[in-house]
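Colleague: Before I ask anything, let me first share the structure, which is written out below as structure tokens.
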Amino acid sequence: MASSPDAPSHEPELPAASPSTPGPPSAPVPTSGALDSTGMALVIGCYTLWGVFPLYFRLLSEAGSVEIIGHRIVWTLATCLLLVASRRRWARLARLWRTPRLLGALAVSGVLVSVNWLVYVYGVNTARTADAALGYFINPLVTVALASLVLRERLRPVHRVSIGLAGAAVVLLVVLQGSLPWISLALAFSFALYGLVKKRIGPQVDALTGLTVESAVVAPVALAYLGYLAWQGQSAWQAPGQGWRIMALLVVAGPVTAVPLLLFAAGTRRVPLSVVGMSQYIAPITQFLLAWAVFHEQIPPARWAAMVLVWAAVSVFIGDAVHQLVRRPRPC
């Protein structure tokens, strides 16, 4: 049975961190009707970074989609382990590995986010960026639906207006494209389910520890594939004229991937999932602007009309969020 995100969990939580393992405690889930300003900043920062990701992936066009994802997983794990070591959080990590319920949930979220990465990079590298963008327009609607159906979050009337406008934009895009491709569906549902899992375990697992375990779960498969490519001499960094340039870009995939995911994990623990869902429009809008202003792609008039609806939906949502923050009582 689904439970409210504000209700206390009946599952056993991890033991509290000892004094020798410093780190901030889990952020409380805000009560209904309140918005956490720090959580909003984390979520907005996360989706802004994801919005500019096409600039980075354009530099990796020589590598295959699966190879890029393999490097993302491996170097994300390396980045997380360095952060764990620098913040002395080994005890937290060890406790999590001894908690089967949380370990299983993080294994699921690790697979979900890896699938999302793979489908996105595959879509971009096979000239299906429109399908990928459509998936991220649909994704917030799926997330908000999950928030209402599974977590029983109450939607404010203004949120319903935003969802209606965004839904109209998605329908218009689907009609223009003539079909709903599997890439769009895979991206929308994989990340919406990832967000749901992170929301359910958020109060019990801090962002860094969670991402470290997620990466570690899928890292053996990534390492095996990268090792096979290197053994066959088919890695991108082994190609003539590539060498250290492409390898350096692939290594950077670790922090490039880890930072927004850490922001996402921390943000979803502080704000309602429905707020996270509507905030996700920041990424596709940013990608749309990059396609138009930086990549100089042709944008047909009908797609401009759909984007106007999306911008209206986001404007209504952000206006309400700002209004709530302004009205929020300040501590004395």
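Labels used: A, B, ... for chains in the order of the structure tokens, numbers from 1 for residues in each chain, and numbers from 1 for ligands as shown.
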I need the alpha helix (DSSP H) residues of range 93-165 of chain A per DSSP on the backbone, written as a ChimeraX atom specification.
Modeller: /A:93-97,100-125,129-149,157-165
Colleague: Give one line per residue of range 224-320 of chain A that approaches range 74-96 of chain A to at most 8 Å, naming the two atoms of the closest pair and their distance in Å to one decimal, counting only C-alpha atoms; sort by chain then ascending residue number and deliver it as CSV.
Modeller:
residue,atom,partner,partner_atom,distance
A:Val251,CA,A:Trp75,CA,5.9
A:Val252,CA,A:Trp75,CA,7.5
A:Ala253,CA,A:Trp75,CA,6.4
A:Gly254,CA,A:Thr76,CA,3.8
A:Pro255,CA,A:Thr79,CA,6.1
A:Thr257,CA,A:Thr76,CA,6.3
A:Ala258,CA,A:Thr76,CA,5.6
Colleague: Write out, as a PDB file, in the first residue's frame, the residues just selected, with N, CA, C and O atoms.
Modeller:
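That gives us selection_37.pdb:
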ATOM      1  N   VAL A 251      36.872  10.302 -18.792  1.00  0.00           N
ATOM      2  CA  VAL A 251      37.110  10.317 -17.344  1.00  0.00           C
ATOM      3  C   VAL A 251      36.286  11.424 -16.688  1.00  0.00           C
ATOM      4  O   VAL A 251      35.742  11.252 -15.588  1.00  0.00           O
ATOM      5  N   VAL A 252      36.176  12.568 -17.369  1.00  0.00           N
ATOM      6  CA  VAL A 252      35.395  13.685 -16.845  1.00  0.00           C
ATOM      7  C   VAL A 252      33.922  13.302 -16.687  1.00  0.00           C
ATOM      8  O   VAL A 252      33.185  13.938 -15.924  1.00  0.00           O
ATOM      9  N   ALA A 253      33.503  12.238 -17.379  1.00  0.00           N
ATOM     10  CA  ALA A 253      32.115  11.785 -17.254  1.00  0.00           C
ATOM     11  C   ALA A 253      31.757  11.465 -15.810  1.00  0.00           C
ATOM     12  O   ALA A 253      30.578  11.527 -15.430  1.00  0.00           O
ATOM     13  N   GLY A 254      32.752  11.109 -14.989  1.00  0.00           N
ATOM     14  CA  GLY A 254      32.485  10.808 -13.584  1.00  0.00           C
ATOM     15  C   GLY A 254      31.910  11.992 -12.833  1.00  0.00           C
ATOM     16  O   GLY A 254      30.749  11.956 -12.396  1.00  0.00           O
ATOM     17  N   PRO A 255      32.678  13.075 -12.667  1.00  0.00           N
ATOM     18  CA  PRO A 255      32.116  14.235 -11.962  1.00  0.00           C
ATOM     19  C   PRO A 255      30.951  14.879 -12.700  1.00  0.00           C
ATOM     20  O   PRO A 255      30.013  15.380 -12.065  1.00  0.00           O
ATOM     21  N   THR A 257      28.656  13.415 -14.323  1.00  0.00           N
ATOM     22  CA  THR A 257      27.475  12.621 -14.010  1.00  0.00           C
ATOM     23  C   THR A 257      27.112  12.709 -12.538  1.00  0.00           C
ATOM     24  O   THR A 257      25.937  12.826 -12.176  1.00  0.00           O
ATOM     25  N   ALA A 258      28.114  12.660 -11.664  1.00  0.00           N
ATOM     26  CA  ALA A 258      27.853  12.577 -10.225  1.00  0.00           C
ATOM     27  C   ALA A 258      27.230  13.848  -9.668  1.00  0.00           C
ATOM     28  O   ALA A 258      26.312  13.777  -8.840  1.00  0.00           O
TER      29      ALA A 258
END
Colleague: Pull the closest atom pair for each residue of range 206-304 of chain A that gets at most 10 Å from range 43-47 of chain A, along with the distance in Å to one decimal, counting only C-alpha atoms, ordering rows by chain and then ascending residue number, as JSON lines.
Modeller:
{"residue": "A:Val259", "atom": "CA", "partner": "A:Cys46", "partner_atom": "CA", "distance": 7.9}
{"residue": "A:Pro260", "atom": "CA", "partner": "A:Cys46", "partner_atom": "CA", "distance": 4.6}
{"residue": "A:Leu261", "atom": "CA", "partner": "A:Cys46", "partner_atom": "CA", "distance": 7.1}
{"residue": "A:Leu262", "atom": "CA", "partner": "A:Cys46", "partner_atom": "CA", "distance": 8.2}
{"residue": "A:Leu263", "atom": "CA", "partner": "A:Cys46", "partner_atom": "CA", "distance": 5.5}
{"residue": "A:Phe264", "atom": "CA", "partner": "A:Val43", "partner_atom": "CA", "distance": 5.7}
{"residue": "A:Ala265", "atom": "CA", "partner": "A:Val43", "partner_atom": "CA", "distance": 8.7}
{"residue": "A:Ala266", "atom": "CA", "partner": "A:Val43", "partner_atom": "CA", "distance": 8.1}
{"residue": "A:Gly267", "atom": "CA", "partner": "A:Val43", "partner_atom": "CA", "distance": 5.1}
{"residue": "A:Thr268", "atom": "CA", "partner": "A:Val43", "partner_atom": "CA", "distance": 7.3}
{"residue": "A:Arg270", "atom": "CA", "partner": "A:Val43", "partner_atom": "CA", "distance": 9.4}
{"residue": "A:Val271", "atom": "CA", "partner": "A:Val43", "partner_atom": "CA", "distance": 8.7}
{"residue": "A:Val275", "atom": "CA", "partner": "A:Val43", "partner_atom": "CA", "distance": 9.1}
{"residue": "A:Val276", "atom": "CA", "partner": "A:Val43", "partner_atom": "CA", "distance": 6.8}
{"residue": "A:Gly277", "atom": "CA", "partner": "A:Val43", "partner_atom": "CA", "distance": 9.9}
{"residue": "A:Ser279", "atom": "CA", "partner": "A:Ile44", "partner_atom": "CA", "distance": 6.7}
{"residue": "A:Gln280", "atom": "CA", "partner": "A:Tyr47", "partner_atom": "CA", "distance": 6.2}
{"residue": "A:Tyr281", "atom": "CA", "partner": "A:Tyr47", "partner_atom": "CA", "distance": 8.0}
{"residue": "A:Ile282", "atom": "CA", "partner": "A:Tyr47", "partner_atom": "CA", "distance": 5.8}
{"residue": "A:Ala283", "atom": "CA", "partner": "A:Tyr47", "partner_atom": "CA", "distance": 5.1}
{"residue": "A:Pro284", "atom": "CA", "partner": "A:Tyr47", "partner_atom": "CA", "distance": 8.8}
{"residue": "A:Thr286", "atom": "CA", "partner": "A:Tyr47", "partner_atom": "CA", "distance": 9.0}
Colleague: Output N, CA, C and O atoms for every residue in the selection just made, as a PDB file, in the first residue's frame.
Modeller:
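File part-v2.pdb, as written:
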ATOM      1  N   VAL A 259      27.708  15.003 -10.087  1.00  0.00           N
ATOM      2  CA  VAL A 259      27.259  16.256  -9.465  1.00  0.00           C
ATOM      3  C   VAL A 259      25.741  16.456  -9.600  1.00  0.00           C
ATOM      4  O   VAL A 259      25.047  16.654  -8.591  1.00  0.00           O
ATOM      5  N   PRO A 260      25.159  16.399 -10.826  1.00  0.00           N
ATOM      6  CA  PRO A 260      23.709  16.598 -10.888  1.00  0.00           C
ATOM      7  C   PRO A 260      22.916  15.491 -10.209  1.00  0.00           C
ATOM      8  O   PRO A 260      21.849  15.752  -9.647  1.00  0.00           O
ATOM      9  N   LEU A 261      23.422  14.249 -10.225  1.00  0.00           N
ATOM     10  CA  LEU A 261      22.709  13.175  -9.547  1.00  0.00           C
ATOM     11  C   LEU A 261      22.722  13.376  -8.036  1.00  0.00           C
ATOM     12  O   LEU A 261      21.737  13.082  -7.348  1.00  0.00           O
ATOM     13  N   LEU A 262      23.819  13.873  -7.501  1.00  0.00           N
ATOM     14  CA  LEU A 262      23.868  14.181  -6.070  1.00  0.00           C
ATOM     15  C   LEU A 262      22.897  15.317  -5.733  1.00  0.00           C
ATOM     16  O   LEU A 262      22.213  15.281  -4.704  1.00  0.00           O
ATOM     17  N   LEU A 263      22.846  16.326  -6.585  1.00  0.00           N
ATOM     18  CA  LEU A 263      21.890  17.408  -6.381  1.00  0.00           C
ATOM     19  C   LEU A 263      20.462  16.873  -6.439  1.00  0.00           C
ATOM     20  O   LEU A 263      19.598  17.254  -5.637  1.00  0.00           O
ATOM     21  N   PHE A 264      20.203  15.970  -7.399  1.00  0.00           N
ATOM     22  CA  PHE A 264      18.864  15.394  -7.550  1.00  0.00           C
ATOM     23  C   PHE A 264      18.474  14.600  -6.309  1.00  0.00           C
ATOM     24  O   PHE A 264      17.369  14.759  -5.763  1.00  0.00           O
ATOM     25  N   ALA A 265      19.382  13.736  -5.846  1.00  0.00           N
ATOM     26  CA  ALA A 265      19.088  12.910  -4.677  1.00  0.00           C
ATOM     27  C   ALA A 265      18.838  13.775  -3.446  1.00  0.00           C
ATOM     28  O   ALA A 265      17.913  13.522  -2.661  1.00  0.00           O
ATOM     29  N   ALA A 266      19.656  14.809  -3.260  1.00  0.00           N
ATOM     30  CA  ALA A 266      19.484  15.685  -2.104  1.00  0.00           C
ATOM     31  C   ALA A 266      18.206  16.512  -2.217  1.00  0.00           C
ATOM     32  O   ALA A 266      17.497  16.720  -1.233  1.00  0.00           O
ATOM     33  N   GLY A 267      17.901  16.971  -3.428  1.00  0.00           N
ATOM     34  CA  GLY A 267      16.708  17.792  -3.619  1.00  0.00           C
ATOM     35  C   GLY A 267      15.417  17.031  -3.439  1.00  0.00           C
ATOM     36  O   GLY A 267      14.455  17.537  -2.838  1.00  0.00           O
ATOM     37  N   THR A 268      15.341  15.779  -3.943  1.00  0.00           N
ATOM     38  CA  THR A 268      14.105  15.013  -3.837  1.00  0.00           C
ATOM     39  C   THR A 268      13.778  14.650  -2.399  1.00  0.00           C
ATOM     40  O   THR A 268      12.629  14.340  -2.083  1.00  0.00           O
ATOM     41  N   ARG A 270      13.914  16.786  -0.013  1.00  0.00           N
ATOM     42  CA  ARG A 270      13.478  18.006   0.656  1.00  0.00           C
ATOM     43  C   ARG A 270      12.167  18.568   0.123  1.00  0.00           C
ATOM     44  O   ARG A 270      11.526  19.371   0.803  1.00  0.00           O
ATOM     45  N   VAL A 271      11.779  18.215  -1.105  1.00  0.00           N
ATOM     46  CA  VAL A 271      10.578  18.800  -1.700  1.00  0.00           C
ATOM     47  C   VAL A 271       9.642  17.688  -2.160  1.00  0.00           C
ATOM     48  O   VAL A 271      10.083  16.564  -2.410  1.00  0.00           O
ATOM     49  N   VAL A 275       6.589  18.541  -7.089  1.00  0.00           N
ATOM     50  CA  VAL A 275       7.412  19.720  -7.381  1.00  0.00           C
ATOM     51  C   VAL A 275       8.620  19.313  -8.221  1.00  0.00           C
ATOM     52  O   VAL A 275       8.993  19.997  -9.181  1.00  0.00           O
ATOM     53  N   VAL A 276       9.232  18.184  -7.863  1.00  0.00           N
ATOM     54  CA  VAL A 276      10.340  17.662  -8.661  1.00  0.00           C
ATOM     55  C   VAL A 276       9.883  17.415 -10.091  1.00  0.00           C
ATOM     56  O   VAL A 276      10.576  17.733 -11.056  1.00  0.00           O
ATOM     57  N   GLY A 277       8.693  16.850 -10.238  1.00  0.00           N
ATOM     58  CA  GLY A 277       8.183  16.529 -11.573  1.00  0.00           C
ATOM     59  C   GLY A 277       8.040  17.753 -12.457  1.00  0.00           C
ATOM     60  O   GLY A 277       8.477  17.760 -13.612  1.00  0.00           O
ATOM     61  N   SER A 279       9.540  20.620 -12.072  1.00  0.00           N
ATOM     62  CA  SER A 279      10.844  21.254 -12.278  1.00  0.00           C
ATOM     63  C   SER A 279      11.621  20.612 -13.421  1.00  0.00           C
ATOM     64  O   SER A 279      12.531  21.229 -13.977  1.00  0.00           O
ATOM     65  N   GLN A 280      11.269  19.396 -13.774  1.00  0.00           N
ATOM     66  CA  GLN A 280      12.010  18.687 -14.812  1.00  0.00           C
ATOM     67  C   GLN A 280      11.902  19.350 -16.173  1.00  0.00           C
ATOM     68  O   GLN A 280      12.693  19.051 -17.069  1.00  0.00           O
ATOM     69  N   TYR A 281      10.953  20.251 -16.358  1.00  0.00           N
ATOM     70  CA  TYR A 281      10.846  20.928 -17.648  1.00  0.00           C
ATOM     71  C   TYR A 281      12.006  21.877 -17.907  1.00  0.00           C
ATOM     72  O   TYR A 281      12.205  22.328 -19.038  1.00  0.00           O
ATOM     73  N   ILE A 282      12.768  22.196 -16.872  1.00  0.00           N
ATOM     74  CA  ILE A 282      13.931  23.070 -17.066  1.00  0.00           C
ATOM     75  C   ILE A 282      14.907  22.443 -18.053  1.00  0.00           C
ATOM     76  O   ILE A 282      15.463  23.137 -18.919  1.00  0.00           O
ATOM     77  N   ALA A 283      15.146  21.135 -17.935  1.00  0.00           N
ATOM     78  CA  ALA A 283      16.131  20.471 -18.790  1.00  0.00           C
ATOM     79  C   ALA A 283      15.738  20.475 -20.271  1.00  0.00           C
ATOM     80  O   ALA A 283      16.530  20.911 -21.117  1.00  0.00           O
ATOM     81  N   PRO A 284      14.532  20.001 -20.641  1.00  0.00           N
ATOM     82  CA  PRO A 284      14.203  20.018 -22.077  1.00  0.00           C
ATOM     83  C   PRO A 284      14.083  21.419 -22.657  1.00  0.00           C
ATOM     84  O   PRO A 284      14.383  21.624 -23.833  1.00  0.00           O
ATOM     85  N   THR A 286      15.941  23.973 -21.754  1.00  0.00           N
ATOM     86  CA  THR A 286      17.334  24.377 -21.984  1.00  0.00           C
ATOM     87  C   THR A 286      17.902  23.703 -23.220  1.00  0.00           C
ATOM     88  O   THR A 286      18.594  24.333 -24.036  1.00  0.00           O
TER      89      THR A 286
END
Colleague: Counting only C-alpha atoms, which residue out of A:Val171, A:Leu102, A:Leu229, A:Val161 sits closest to Phe317 in chain A?
Modeller: A:Val161
Colleague: Please provide as an mmCIF file with C-alpha atoms, in the first residue's frame all residues within 7 Å of Ile138 in chain A, with the sequence filter that same-chain residues fewer than 3 positions apart are discarded (counting only C-alpha atoms).
Modeller:
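Okay, this is what ended up in out-v6.cif:
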data_model
loop_
_atom_site.group_PDB
_atom_site.id
_atom_site.type_symbol
_atom_site.label_atom_id
_atom_site.label_comp_id
_atom_site.auth_asym_id
_atom_site.auth_seq_id
_atom_site.Cartn_x
_atom_site.Cartn_y
_atom_site.Cartn_z
ATOM 1 C CA LEU A 134 9.971 14.262 -26.183
ATOM 2 C CA GLY A 135 10.734 11.671 -23.512
ATOM 3 C CA LEU A 141 3.864 14.166 -16.255
ATOM 4 C CA VAL A 142 4.708 10.573 -15.344
ATOM 5 C CA VAL A 170 3.061 16.928 -25.090
ATOM 6 C CA ALA A 188 10.090 9.035 -19.371
#
Colleague: Nearest to Val121 in chain A among A:Val256, A:Ala41, A:Ile69, A:Leu211, with distances taken over only C-alpha atoms: which residue is it?
Modeller: A:Ile69
Colleague: To one decimal place, how far is CA of Gln298 in chain A from CA of Tyr136 in chain A in Å?
Modeller: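 Computing the Euclidean distance for CA of Gln298 in chain A and CA of Tyr136 in chain A yields 19.7 Å.
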Colleague: To one decimal place in Å, what is the distance between CA of Leu250 in chain A and CA of Trp50 in chain A?
Modeller: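 Separation between CA of Leu250 in chain A and CA of Trp50 in chain A: 16.8 Å.
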